[in-house]
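Next comes upload_2.cif, a file with mmCIF, C-alpha atoms.
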```
data_model
#
loop_
_atom_site.group_PDB
_atom_site.id
_atom_site.type_symbol
_atom_site.label_atom_id
_atom_site.label_comp_id
_atom_site.auth_asym_id
_atom_site.auth_seq_id
_atom_site.Cartn_x
_atom_site.Cartn_y
_atom_site.Cartn_z
ATOM 1 C CA MET A 613 61.158 127.345 105.510
ATOM 2 C CA THR A 614 63.975 129.033 103.639
ATOM 3 C CA ILE A 615 65.964 126.859 101.298
ATOM 4 C CA LYS A 616 69.654 127.658 101.172
ATOM 5 C CA ILE A 617 72.063 126.572 98.480
ATOM 6 C CA ALA A 618 75.846 126.904 98.490
ATOM 7 C CA VAL A 619 78.028 127.295 95.425
ATOM 8 C CA ILE A 620 81.560 126.327 96.431
ATOM 9 C CA GLN A 621 84.340 128.562 95.192
ATOM 10 C CA PHE A 622 87.695 126.886 94.631
ATOM 11 C CA PRO A 623 90.708 128.863 93.457
ATOM 12 C CA GLY A 624 90.492 128.680 89.669
ATOM 13 C CA ALA A 625 86.709 128.251 89.504
ATOM 14 C CA ASN A 626 85.165 130.394 86.772
ATOM 15 C CA CYS A 627 81.529 129.321 86.506
ATOM 16 C CA ASP A 628 80.751 129.944 90.176
ATOM 17 C CA LEU A 629 79.081 133.332 89.706
ATOM 18 C CA ASP A 630 76.975 132.043 86.794
ATOM 19 C CA ALA A 631 75.575 129.327 89.061
ATOM 20 C CA VAL A 632 74.911 131.815 91.875
ATOM 21 C CA HIS A 633 73.166 134.162 89.411
ATOM 22 C CA VAL A 634 70.889 131.472 88.001
ATOM 23 C CA LEU A 635 69.895 130.137 91.421
ATOM 24 C CA ASN A 636 69.420 133.560 93.017
ATOM 25 C CA ASP A 637 68.022 135.640 90.171
ATOM 26 C CA VAL A 638 66.402 133.150 87.790
ATOM 27 C CA ILE A 639 65.166 130.399 90.109
ATOM 28 C CA GLY A 640 64.767 132.740 93.093
ATOM 29 C CA VAL A 641 66.354 130.646 95.830
ATOM 30 C CA GLU A 642 68.737 131.982 98.471
ATOM 31 C CA THR A 643 72.222 131.057 97.271
ATOM 32 C CA SER A 644 75.639 131.897 98.688
ATOM 33 C CA LEU A 645 79.059 131.794 97.137
ATOM 34 C CA VAL A 646 81.224 130.052 99.746
ATOM 35 C CA TRP A 647 85.029 129.854 99.750
ATOM 36 C CA HIS A 648 85.984 126.172 99.878
ATOM 37 C CA ASN A 649 87.865 126.401 103.185
ATOM 38 C CA HIS A 650 84.898 128.108 104.874
ATOM 39 C CA PHE A 651 82.088 125.821 103.764
ATOM 40 C CA LYS A 652 79.982 124.297 106.558
ATOM 41 C CA GLU A 653 77.354 121.798 105.456
ATOM 42 C CA ALA A 654 74.975 122.460 108.373
ATOM 43 C CA ASN A 655 73.940 125.805 106.882
ATOM 44 C CA PHE A 656 72.790 124.431 103.525
ATOM 45 C CA ASP A 657 70.164 122.214 101.907
ATOM 46 C CA GLY A 658 72.041 121.597 98.677
ATOM 47 C CA VAL A 659 75.373 122.301 97.069
ATOM 48 C CA VAL A 660 76.766 123.123 93.631
ATOM 49 C CA LEU A 661 80.366 122.367 92.649
ATOM 50 C CA PRO A 662 80.816 124.735 89.718
ATOM 51 C CA GLY A 663 82.921 124.565 86.584
ATOM 52 C CA GLY A 664 86.335 126.051 86.037
ATOM 53 C CA PHE A 665 89.923 125.008 86.569
ATOM 54 C CA SER A 666 90.208 124.406 90.307
ATOM 55 C CA PHE A 667 93.853 124.551 91.403
ATOM 56 C CA GLY A 668 94.864 125.000 87.779
ATOM 57 C CA ASP A 669 93.918 121.381 86.953
ATOM 58 C CA TYR A 670 97.356 120.465 88.356
ATOM 59 C CA LEU A 671 98.155 116.750 88.552
ATOM 60 C CA ARG A 672 94.663 115.862 87.220
ATOM 61 C CA ALA A 673 91.519 117.952 86.817
ATOM 62 C CA GLY A 674 89.660 117.961 90.138
ATOM 63 C CA ILE A 675 92.101 115.928 92.247
ATOM 64 C CA ILE A 676 93.423 118.751 94.449
ATOM 65 C CA ALA A 677 89.936 120.152 95.096
ATOM 66 C CA ALA A 678 88.787 116.624 95.955
ATOM 67 C CA HIS A 679 91.017 116.855 99.051
ATOM 68 C CA SER A 680 89.569 120.232 100.125
ATOM 69 C CA PRO A 681 87.745 120.366 103.490
ATOM 70 C CA ALA A 682 84.657 121.385 101.482
ATOM 71 C CA LEU A 683 84.450 117.841 100.174
ATOM 72 C CA ASP A 684 84.543 116.414 103.719
ATOM 73 C CA GLU A 685 81.569 118.662 104.490
ATOM 74 C CA ALA A 686 79.834 117.670 101.244
ATOM 75 C CA ARG A 687 80.364 113.998 102.116
ATOM 76 C CA ILE A 688 78.126 114.506 105.159
ATOM 77 C CA MET A 689 75.450 115.925 102.834
ATOM 78 C CA LEU A 690 75.912 112.968 100.500
ATOM 79 C CA LYS A 691 75.319 110.556 103.364
ATOM 80 C CA ASP A 692 72.081 112.179 104.503
ATOM 81 C CA GLY A 693 70.732 112.570 100.967
ATOM 82 C CA ARG A 694 70.963 116.315 100.394
ATOM 83 C CA PRO A 695 71.357 117.070 96.671
ATOM 84 C CA ILE A 696 74.823 117.685 95.220
ATOM 85 C CA ILE A 697 75.537 118.676 91.626
ATOM 86 C CA GLY A 698 78.985 118.874 90.039
ATOM 87 C CA ILE A 699 79.126 120.699 86.738
ATOM 88 C CA CYS A 700 82.132 120.194 84.433
ATOM 89 C CA ASN A 701 85.132 120.687 86.762
ATOM 90 C CA GLY A 702 82.645 119.977 89.564
ATOM 91 C CA PHE A 703 81.966 116.581 87.945
ATOM 92 C CA GLN A 704 85.708 115.929 87.787
ATOM 93 C CA ILE A 705 85.961 116.798 91.501
ATOM 94 C CA LEU A 706 83.078 114.437 92.395
ATOM 95 C CA VAL A 707 84.772 111.605 90.524
ATOM 96 C CA GLU A 708 88.169 112.260 92.097
ATOM 97 C CA ALA A 709 86.558 112.488 95.567
ATOM 98 C CA GLU A 710 84.876 109.134 94.836
ATOM 99 C CA PHE A 711 81.340 110.457 95.255
ATOM 100 C CA LEU A 712 80.832 109.079 91.751
ATOM 101 C CA PRO A 713 82.600 106.187 89.990
ATOM 102 C CA GLY A 714 84.919 106.298 86.985
ATOM 103 C CA ALA A 715 87.274 108.907 85.561
ATOM 104 C CA LEU A 716 87.257 111.873 83.182
ATOM 105 C CA LEU A 717 90.075 111.668 80.661
ATOM 106 C CA GLN A 718 91.425 114.051 78.081
ATOM 107 C CA ASN A 719 89.079 114.460 75.107
ATOM 108 C CA GLU A 720 89.757 111.961 72.366
ATOM 109 C CA THR A 721 90.401 114.818 69.899
ATOM 110 C CA LEU A 722 92.978 116.303 72.337
ATOM 111 C CA ARG A 723 91.168 119.616 71.845
ATOM 112 C CA PHE A 724 89.257 121.816 74.245
ATOM 113 C CA VAL A 725 85.698 121.689 72.984
ATOM 114 C CA CYS A 726 83.249 124.555 73.517
ATOM 115 C CA LYS A 727 79.850 124.279 71.831
ATOM 116 C CA TRP A 728 76.152 123.554 72.288
ATOM 117 C CA VAL A 729 75.356 119.847 72.332
ATOM 118 C CA ASN A 730 72.273 117.692 72.760
ATOM 119 C CA ILE A 731 71.911 115.307 75.666
ATOM 120 C CA LYS A 732 69.201 112.718 76.113
ATOM 121 C CA VAL A 733 67.607 112.018 79.482
ATOM 122 C CA ILE A 734 68.248 108.389 80.431
ATOM 123 C CA ASN A 735 67.245 108.584 84.095
ATOM 124 C CA ASN A 736 64.544 111.056 85.165
ATOM 125 C CA ARG A 737 64.329 109.879 88.744
ATOM 126 C CA THR A 738 67.275 111.783 90.190
ATOM 127 C CA ALA A 739 67.123 114.854 92.431
ATOM 128 C CA PHE A 740 68.035 116.989 89.403
ATOM 129 C CA THR A 741 66.033 115.355 86.604
ATOM 130 C CA HIS A 742 62.680 114.362 88.106
ATOM 131 C CA LYS A 743 60.917 117.259 86.347
ATOM 132 C CA MET A 744 62.191 115.986 82.959
ATOM 133 C CA ASN A 745 60.745 113.184 80.869
ATOM 134 C CA LYS A 746 62.745 110.101 80.018
ATOM 135 C CA ASP A 747 64.101 110.412 76.453
ATOM 136 C CA ASP A 748 63.760 114.219 76.419
ATOM 137 C CA VAL A 749 66.585 115.784 74.396
ATOM 138 C CA LEU A 750 68.059 118.903 76.018
ATOM 139 C CA ALA A 751 70.253 121.576 74.421
ATOM 140 C CA ILE A 752 73.059 122.484 76.830
ATOM 141 C CA PRO A 753 76.546 123.865 76.125
ATOM 142 C CA ILE A 754 79.811 122.151 76.995
ATOM 143 C CA ALA A 755 83.292 123.649 77.470
ATOM 144 C CA HIS A 756 86.020 121.235 78.528
ATOM 145 C CA GLY A 757 89.310 119.573 77.692
ATOM 146 C CA GLU A 758 88.956 116.536 79.970
ATOM 147 C CA GLY A 759 85.440 115.202 79.587
ATOM 148 C CA ARG A 760 85.905 111.705 78.210
ATOM 149 C CA TYR A 761 84.039 109.598 80.717
ATOM 150 C CA TYR A 762 85.542 106.204 81.385
ATOM 151 C CA THR A 763 84.689 103.409 83.762
ATOM 152 C CA ASP A 764 85.920 99.853 84.043
ATOM 153 C CA ASN A 765 82.532 98.837 85.408
ATOM 154 C CA LEU A 766 79.898 99.908 82.917
ATOM 155 C CA LYS A 767 77.639 96.981 83.765
ATOM 156 C CA GLU A 768 77.277 98.123 87.356
ATOM 157 C CA LEU A 769 76.443 101.687 86.264
ATOM 158 C CA GLU A 770 73.724 100.362 83.970
ATOM 159 C CA GLU A 771 72.310 97.949 86.527
ATOM 160 C CA ASN A 772 72.111 100.682 89.171
ATOM 161 C CA ASP A 773 70.530 103.156 86.758
ATOM 162 C CA GLN A 774 73.393 105.604 87.302
ATOM 163 C CA ILE A 775 73.691 106.824 83.711
ATOM 164 C CA VAL A 776 71.635 110.029 83.672
ATOM 165 C CA PHE A 777 72.502 111.670 80.327
ATOM 166 C CA LYS A 778 74.030 110.595 77.040
ATOM 167 C CA TYR A 779 75.173 112.784 74.158
ATOM 168 C CA SER A 780 72.830 112.346 71.197
ATOM 169 C CA THR A 781 71.694 113.972 67.982
ATOM 170 C CA GLU A 782 68.821 116.455 68.140
ATOM 171 C CA ASP A 783 66.543 113.496 67.369
ATOM 172 C CA GLY A 784 67.884 111.507 70.295
ATOM 173 C CA ILE A 785 70.076 109.082 68.348
ATOM 174 C CA PHE A 786 73.395 108.055 69.933
ATOM 175 C CA THR A 787 76.061 108.491 67.271
ATOM 176 C CA SER A 788 79.814 108.930 67.490
ATOM 177 C CA GLU A 789 79.412 112.314 65.754
ATOM 178 C CA ALA A 790 77.152 113.455 68.602
ATOM 179 C CA ASN A 791 79.790 112.410 71.134
ATOM 180 C CA PRO A 792 82.019 115.474 71.577
ATOM 181 C CA ASN A 793 84.829 113.918 73.621
ATOM 182 C CA GLY A 794 84.893 110.164 73.084
ATOM 183 C CA SER A 795 83.050 109.296 76.301
ATOM 184 C CA LEU A 796 82.295 105.632 76.824
ATOM 185 C CA GLU A 797 78.748 104.901 75.568
ATOM 186 C CA ASN A 798 78.238 108.649 74.906
ATOM 187 C CA ILE A 799 77.908 109.192 78.669
ATOM 188 C CA ALA A 800 77.480 112.892 79.574
ATOM 189 C CA GLY A 801 76.367 112.612 83.204
ATOM 190 C CA ILE A 802 76.034 110.051 85.971
ATOM 191 C CA CYS A 803 74.643 109.894 89.515
ATOM 192 C CA ASN A 804 75.228 107.959 92.710
ATOM 193 C CA ILE A 805 73.153 104.872 93.473
ATOM 194 C CA GLU A 806 70.850 106.918 95.735
ATOM 195 C CA GLN A 807 70.185 109.359 92.808
ATOM 196 C CA THR A 808 70.938 112.449 94.925
ATOM 197 C CA CYS A 809 74.355 113.393 93.538
ATOM 198 C CA LEU A 810 74.710 114.273 89.859
ATOM 199 C CA GLY A 811 77.870 114.960 87.883
ATOM 200 C CA LEU A 812 77.802 116.111 84.277
ATOM 201 C CA MET A 813 80.074 117.829 81.791
ATOM 202 C CA PRO A 814 77.421 120.114 80.169
ATOM 203 C CA HIS A 815 76.659 123.447 81.834
ATOM 204 C CA PRO A 816 72.969 123.844 82.803
ATOM 205 C CA GLU A 817 73.718 127.244 84.386
ATOM 206 C CA ARG A 818 74.616 128.540 80.913
ATOM 207 C CA ALA A 819 71.338 127.281 79.465
ATOM 208 C CA SER A 820 68.836 128.751 81.894
ATOM 209 C CA GLU A 821 67.945 132.024 80.152
ATOM 210 C CA SER A 822 66.611 132.285 76.608
ATOM 211 C CA ILE A 823 68.853 135.231 75.736
ATOM 212 C CA LEU A 824 71.903 132.972 76.138
ATOM 213 C CA SER A 825 70.608 130.130 73.997
ATOM 214 C CA PRO A 826 70.870 129.930 70.170
ATOM 215 C CA LYS A 827 67.366 128.467 70.034
ATOM 216 C CA GLN A 828 66.007 130.387 73.037
ATOM 217 C CA THR A 829 65.708 127.135 75.011
ATOM 218 C CA ILE A 830 65.946 127.146 78.800
ATOM 219 C CA HIS A 831 66.536 123.467 79.443
ATOM 220 C CA GLY A 832 69.169 124.169 82.090
ATOM 221 C CA ARG A 833 66.558 125.668 84.376
ATOM 222 C CA ILE A 834 64.880 122.268 84.843
ATOM 223 C CA PHE A 835 67.941 120.961 86.693
ATOM 224 C CA PHE A 836 67.677 123.653 89.347
ATOM 225 C CA GLU A 837 63.863 123.562 89.514
ATOM 226 C CA SER A 838 64.073 119.798 90.085
ATOM 227 C CA MET A 839 66.707 120.358 92.780
ATOM 228 C CA ILE A 840 64.557 122.885 94.670
ATOM 229 C CA GLU A 841 61.436 120.731 94.373
ATOM 230 C CA PHE A 842 63.437 117.748 95.665
ATOM 231 C CA ILE A 843 64.602 119.778 98.681
ATOM 232 C CA LYS A 844 61.050 120.979 99.425
ATOM 233 C CA ARG A 845 59.753 117.413 99.387
ATOM 234 C CA ARG A 846 62.623 116.322 101.578
ATOM 235 C CA LEU A 847 61.900 119.007 104.155
ATOM 236 C CA THR A 848 58.151 118.426 104.407
ATOM 237 C CA MET B 939 116.940 104.821 113.042
ATOM 238 C CA ALA B 940 118.902 107.394 111.029
ATOM 239 C CA GLN B 941 117.099 108.812 108.063
ATOM 240 C CA THR B 942 118.683 109.442 104.685
ATOM 241 C CA GLU B 943 117.416 111.526 101.806
ATOM 242 C CA TYR B 944 116.287 109.502 98.795
ATOM 243 C CA ILE B 945 115.188 110.531 95.326
ATOM 244 C CA ILE B 946 112.321 108.483 93.990
ATOM 245 C CA GLU B 947 111.174 108.688 90.390
ATOM 246 C CA ILE B 948 107.647 107.546 89.630
ATOM 247 C CA SER B 949 105.514 107.458 86.514
ATOM 248 C CA LEU B 950 101.734 107.419 86.322
ATOM 249 C CA GLU B 951 100.859 105.454 83.216
ATOM 250 C CA ASN B 952 97.502 105.010 81.577
ATOM 251 C CA LYS B 953 96.148 101.481 81.807
ATOM 252 C CA PRO B 954 95.999 99.584 78.503
ATOM 253 C CA ALA B 955 92.180 99.450 78.554
ATOM 254 C CA ALA B 956 91.722 103.233 78.507
ATOM 255 C CA ARG B 957 92.561 104.802 75.140
ATOM 256 C CA ASP B 958 95.576 107.077 75.164
ATOM 257 C CA PRO B 959 95.069 109.634 72.366
ATOM 258 C CA VAL B 960 98.235 111.571 73.258
ATOM 259 C CA ALA B 961 100.419 108.500 72.661
ATOM 260 C CA GLU B 962 98.388 107.449 69.627
ATOM 261 C CA THR B 963 98.923 110.869 68.053
ATOM 262 C CA ILE B 964 102.671 110.857 68.795
ATOM 263 C CA LYS B 965 103.004 107.433 67.173
ATOM 264 C CA ARG B 966 100.684 107.989 64.199
ATOM 265 C CA ASP B 967 101.163 111.657 63.344
ATOM 266 C CA LEU B 968 104.790 112.177 64.268
ATOM 267 C CA LEU B 969 106.903 109.017 64.521
ATOM 268 C CA ALA B 970 105.310 107.024 61.693
ATOM 269 C CA LYS B 971 105.110 110.053 59.402
ATOM 270 C CA LYS B 972 108.780 110.842 59.937
ATOM 271 C CA GLY B 973 109.880 107.350 59.049
ATOM 272 C CA TYR B 974 110.157 105.758 62.498
ATOM 273 C CA ASP B 975 107.883 102.937 61.443
ATOM 274 C CA LYS B 976 109.622 100.380 63.654
ATOM 275 C CA VAL B 977 107.993 101.946 66.708
ATOM 276 C CA SER B 978 105.219 99.511 67.594
ATOM 277 C CA LYS B 979 103.765 101.168 70.684
ATOM 278 C CA VAL B 980 103.833 104.415 72.665
ATOM 279 C CA ARG B 981 102.090 105.097 75.968
ATOM 280 C CA SER B 982 101.996 108.515 77.619
ATOM 281 C CA GLY B 983 101.865 109.363 81.291
ATOM 282 C CA GLN B 984 103.063 111.700 84.004
ATOM 283 C CA TYR B 985 106.413 111.758 85.748
ATOM 284 C CA LEU B 986 107.168 112.890 89.312
ATOM 285 C CA ARG B 987 110.530 113.083 91.084
ATOM 286 C CA ILE B 988 110.211 113.142 94.858
ATOM 287 C CA ASN B 989 112.906 113.793 97.460
ATOM 288 C CA LEU B 990 112.150 112.370 100.889
ATOM 289 C CA LEU B 991 113.711 111.206 104.130
ATOM 290 C CA ALA B 992 113.453 107.480 104.791
ATOM 291 C CA GLU B 993 115.175 104.750 106.753
ATOM 292 C CA SER B 994 115.999 102.610 103.734
ATOM 293 C CA GLU B 995 115.241 102.178 100.051
ATOM 294 C CA GLU B 996 112.452 99.784 100.942
ATOM 295 C CA ASN B 997 111.023 102.272 103.439
ATOM 296 C CA ALA B 998 111.203 105.069 100.848
ATOM 297 C CA LYS B 999 109.239 102.924 98.380
ATOM 298 C CA GLU B 1000 106.659 102.072 101.043
ATOM 299 C CA ILE B 1001 106.119 105.738 101.938
ATOM 300 C CA VAL B 1002 105.708 106.804 98.315
ATOM 301 C CA THR B 1003 103.378 103.925 97.487
ATOM 302 C CA LYS B 1004 101.194 104.644 100.525
ATOM 303 C CA MET B 1005 101.150 108.369 99.758
ATOM 304 C CA CYS B 1006 100.161 107.777 96.137
ATOM 305 C CA ASN B 1007 97.417 105.321 97.103
ATOM 306 C CA ASP B 1008 95.993 107.343 100.004
ATOM 307 C CA LEU B 1009 95.903 110.647 98.128
ATOM 308 C CA ARG B 1010 94.946 109.245 94.716
ATOM 309 C CA ILE B 1011 98.080 110.714 93.152
ATOM 310 C CA PHE B 1012 97.171 108.297 90.356
ATOM 311 C CA ASN B 1013 93.610 107.477 89.394
ATOM 312 C CA PRO B 1014 93.297 103.725 90.030
ATOM 313 C CA VAL B 1015 90.494 103.441 87.466
ATOM 314 C CA THR B 1016 92.685 104.501 84.566
ATOM 315 C CA GLN B 1017 96.308 104.677 85.692
ATOM 316 C CA ASN B 1018 99.021 102.451 87.129
ATOM 317 C CA LEU B 1019 101.737 103.625 89.486
ATOM 318 C CA ASN B 1020 105.232 102.633 88.431
ATOM 319 C CA ILE B 1021 108.288 103.235 90.629
ATOM 320 C CA ILE B 1022 111.086 103.855 88.135
ATOM 321 C CA SER B 1023 113.998 104.240 90.510
ATOM 322 C CA VAL B 1024 115.024 104.868 94.130
ATOM 323 C CA LYS B 1025 118.421 106.446 94.765
ATOM 324 C CA LYS B 1026 120.247 107.849 97.750
ATOM 325 C CA LEU B 1027 120.868 111.568 97.339
#
```

Please render this file's structure as structure tokens.
Amino acid sequence: MTIKIAVIQFPGANCDLDAVHVLNDVIGVETSLVWHNHFKEANFDGVVLPGGFSFGDYLRAGIIAAHSPALDEARIMLKDGRPIIGICNGFQILVEAEFLPGALLQNETLRFVCKWVNIKVINNRTAFTHKMNKDDVLAIPIAHGEGRYYTDNLKELEENDQIVFKYSTEDGIFTSEANPNGSLENIAGICNIEQTCLGLMPHPERASESILSPKQTIHGRIFFESMIEFIKRRLT
Amino acid sequence: MAQTEYIIEISLENKPAARDPVAETIKRDLLAKKGYDKVSKVRSGQYLRINLLAESEENAKEIVTKMCNDLRIFNPVTQNLNIISVKKL
């Protein structure tokens, strides 16, 4: 049984090779970079929509990529429960393609924000977080201009356990200072009701090797380890 | 039926419930500071001008509305679509 992951490359993506590197060289799983028009779901067990500026963020971040044939393919994977993760611009694409609810608006500060933040695990039952503990605080970097999560149906998100991460202090307290973009309820990442599709603004692929982390943490690795474990369980 | 070219102007405006920091900054840090204190509200958005062939003004509006809804030209969670004007070219 060989597990195969695809990282979709849209024009304007810039975190695609980082994701391929982490999955191939750090996690050790066979991972291909696939041009968005060429992606065929049948060849893959899981998919990563990487960060960047797909189609120059024209009209709205993620909206043009959301109409790519790659998303029609990914929708088939969504339906049969194969894991899908959208990181940063990938999260924006998942929201615009309606895999996930809500919207990602311009940061409240109107500034592009690029720094390490802390996020607290709210839901550790998803395909990407089941190897974490609830209430763990992870150090992961962010880099975005449009990351202010908004939904007009917060109650439904809470009831369905779709809030996966919230920005917090290092001690796990939710403060407005710990919220880097003005997201509703400090929300940093959400999932679908089935818990197989995760979208988040922070970049786990940039936090998977100690040499890249200010505190030598490798919290990003847990996302991908959880993903692979989830696929193994699914296939056996 | 003969088709005529129309120009349709649309704006995509943020809904009142979602904060609009661009407009807030324009009002607070530019207009109010420069003495335009009678401005009570500003909302920002996007503007598109579309030329298209249609059978009538009504038909042109229908096509644009359908296109914007089907393709999520505006995000229905946070934005409203507003047809500003429809004119024959």

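For the structure in this document, the set picked by the PyMOL selection byres ((chain B) within 8 of (chain A)) is B:Ala956, B:Pro959, B:Val960, B:Leu1009, B:Arg1010, B:Ile1011, B:Asn1013, B:Val1015, B:Thr1016.
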
Subject >> Expected selection from the PyMOL selection byres ((chain B and resi 977) around 12), given as a list in words >> reply: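 Residues picked by the PyMOL selection byres ((chain B and resi 977) around 12): Ala961, Glu962, Ile964, Lys965, Arg966, Leu968, Leu969, Ala970, Lys971, Lys972, Gly973, Tyr974, Asp975, Lys976, Ser978, Lys979, Val980 and Arg981 of chain B.
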
Subject >> Which residue of B:Asp967, B:Lys999, B:Gly983, B:Ala992 approaches Glu943 (chain B) most closely, using only C-alpha atoms >> reply: B:Ala992

Original post:
To one decimal place, how far is CA of Asn626 (chain A) from CA of Pro662 (chain A) in Å?
Top reply: 7.7 Å

Subject >> Gap from CA of Asp773 (chain A) to CA of Pro753 (chain A) - Å, one decimal >> reply: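 The value is 24.0 Å.
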
Original post:
How many Å lie between CA of Ile945 (chain B) and CA of Tyr670 (chain A), rounded to one decimal?
Top reply: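 So the two atoms, CA of Ile945 (chain B) and CA of Tyr670 (chain A), lie 21.6 Å apart.
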
**OP:** Compare A:Asn649, A:Leu847, A:Phe836, A:Val634 by their minimum atom-to-atom distance to His742 (chain A), counting all atoms listed in the file, and give me the closest one.
**Re:** A:Phe836

Subject >> Counting all atoms listed in the file, the option among A:Glu770, A:Glu817, A:Asp630, A:Glu758 closest to Phe724 (chain A) >> reply: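 Checking each candidate against Phe724 (chain A), we get A:Glu758 as the closest.
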
Original post:
For Lys652 (chain A), which residue out of A:Leu706, A:Val619, A:Ile805, A:Leu629 is the nearest one, using all atoms listed in the file?
Top reply: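 Among A:Leu706, A:Val619, A:Ile805, A:Leu629, it is A:Val619 that comes nearest to Lys652 (chain A).
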
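On the file presented, the PyMOL selection byres ((chain B and resi 988) around 10) picks out Tyr944, Ile945, Ile946, Glu947, Ile948, Tyr985, Leu986, Arg987, Asn989, Leu990, Val1002 and Val1024 of chain B.
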
Subject >> Shell around Gly663 (chain A) at 6 Å using all atoms listed in the file, local window under 2 positions removed, as a list in words >> reply: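 What passes the distance filter is Cys627, Ile699, Cys700, Asn701 and Gly702 of chain A.
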
Adding 3 Å on each side of the box along x, y and z that holds all listed atoms of region 799-815 of chain A, could you give its centre and edge lengths in Å to one decimal, as AutoDock Vina command-line options?
```
--center_x 75.1 --center_y 114.2 --center_z 87.2 --size_x 15.9 --size_y 24.6 --size_z 23.1
```

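Using only C-alpha atoms, the residues found no farther than 6 Å from Ala739 (chain A), other than those of its own chain fewer than 6 positions away, are A:Thr808, A:Met839, A:Phe842.
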
Find the residues around Gly811 (chain A) up to 7 Å (all atoms listed in the file counted), leave out those fewer than 4 positions away in its own chain, and share them as a PDB file with C-alpha atoms, in the frame of the given file.
```
ATOM      1  CA  ILE A 697      75.537 118.676  91.626  1.00  0.00           C
ATOM      2  CA  GLY A 698      78.985 118.874  90.039  1.00  0.00           C
ATOM      3  CA  ILE A 699      79.126 120.699  86.738  1.00  0.00           C
ATOM      4  CA  PHE A 703      81.966 116.581  87.945  1.00  0.00           C
ATOM      5  CA  LEU A 706      83.078 114.437  92.395  1.00  0.00           C
ATOM      6  CA  GLY A 801      76.367 112.612  83.204  1.00  0.00           C
ATOM      7  CA  ILE A 802      76.034 110.051  85.971  1.00  0.00           C
ATOM      8  CA  CYS A 803      74.643 109.894  89.515  1.00  0.00           C
TER       9      CYS A 803
END
```

**OP:** Between A:Val729, A:Ile840, A:Ile734, A:Leu690, single out the one closest to Asp748 (chain A), counting all atoms listed in the file.
**Re:**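 Of A:Val729, A:Ile840, A:Ile734, A:Leu690, the one nearest Asp748 (chain A) is A:Ile734, counting all atoms listed in the file.
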
**OP:** For Val659 (chain A), please output as a ChimeraX atom specification all residues within 8 Å (counting all atoms listed in the file; exclusion window: fewer than 4 positions along the same chain).
**Re:** /A:617-620,686,695-697

Original post:
Which is closer to Asn952 (chain B) than all the others in B:Ser982, B:Asp1008, B:Glu1000, B:Ala940, using all atoms listed in the file?
Top reply: B:Ser982

Would you mind completing region 998-1010 of chain B to N, CA and C atoms and writing the output as a PDB file, in the coordinates of the input?
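Heads up, here's the output in part-v9.pdb:
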```pdb
ATOM      1  N   ALA B 998     111.525 103.955 101.751  1.00  0.00           N
ATOM      2  CA  ALA B 998     111.203 105.069 100.848  1.00  0.00           C
ATOM      3  C   ALA B 998     110.122 104.651  99.854  1.00  0.00           C
ATOM      4  N   LYS B 999     110.244 103.451  99.325  1.00  0.00           N
ATOM      5  CA  LYS B 999     109.239 102.924  98.380  1.00  0.00           C
ATOM      6  C   LYS B 999     107.878 102.789  99.053  1.00  0.00           C
ATOM      7  N   GLU B1000     107.919 102.265 100.300  1.00  0.00           N
ATOM      8  CA  GLU B1000     106.659 102.072 101.043  1.00  0.00           C
ATOM      9  C   GLU B1000     105.938 103.403 101.256  1.00  0.00           C
ATOM     10  N   ILE B1001     106.724 104.421 101.665  1.00  0.00           N
ATOM     11  CA  ILE B1001     106.119 105.738 101.938  1.00  0.00           C
ATOM     12  C   ILE B1001     105.488 106.298 100.669  1.00  0.00           C
ATOM     13  N   VAL B1002     106.223 106.232  99.572  1.00  0.00           N
ATOM     14  CA  VAL B1002     105.708 106.804  98.315  1.00  0.00           C
ATOM     15  C   VAL B1002     104.481 106.035  97.832  1.00  0.00           C
ATOM     16  N   THR B1003     104.523 104.725  97.942  1.00  0.00           N
ATOM     17  CA  THR B1003     103.378 103.925  97.487  1.00  0.00           C
ATOM     18  C   THR B1003     102.138 104.242  98.320  1.00  0.00           C
ATOM     19  N   LYS B1004     102.327 104.336  99.642  1.00  0.00           N
ATOM     20  CA  LYS B1004     101.194 104.644 100.525  1.00  0.00           C
ATOM     21  C   LYS B1004     100.633 106.037 100.211  1.00  0.00           C
ATOM     22  N   MET B1005     101.550 106.987 100.061  1.00  0.00           N
ATOM     23  CA  MET B1005     101.150 108.369  99.758  1.00  0.00           C
ATOM     24  C   MET B1005     100.345 108.427  98.460  1.00  0.00           C
ATOM     25  N   CYS B1006     100.832 107.741  97.442  1.00  0.00           N
ATOM     26  CA  CYS B1006     100.161 107.777  96.137  1.00  0.00           C
ATOM     27  C   CYS B1006      98.798 107.094  96.190  1.00  0.00           C
ATOM     28  N   ASN B1007      98.709 106.006  96.969  1.00  0.00           N
ATOM     29  CA  ASN B1007      97.417 105.321  97.103  1.00  0.00           C
ATOM     30  C   ASN B1007      96.433 106.140  97.925  1.00  0.00           C
ATOM     31  N   ASP B1008      96.895 106.628  99.091  1.00  0.00           N
ATOM     32  CA  ASP B1008      95.993 107.343 100.004  1.00  0.00           C
ATOM     33  C   ASP B1008      95.461 108.632  99.384  1.00  0.00           C
ATOM     34  N   LEU B1009      96.294 109.334  98.648  1.00  0.00           N
ATOM     35  CA  LEU B1009      95.903 110.647  98.128  1.00  0.00           C
ATOM     36  C   LEU B1009      95.469 110.595  96.674  1.00  0.00           C
ATOM     37  N   ARG B1010      95.335 109.386  96.127  1.00  0.00           N
ATOM     38  CA  ARG B1010      94.946 109.245  94.716  1.00  0.00           C
ATOM     39  C   ARG B1010      95.842 110.087  93.798  1.00  0.00           C
TER      40      ARG B1010
END
```
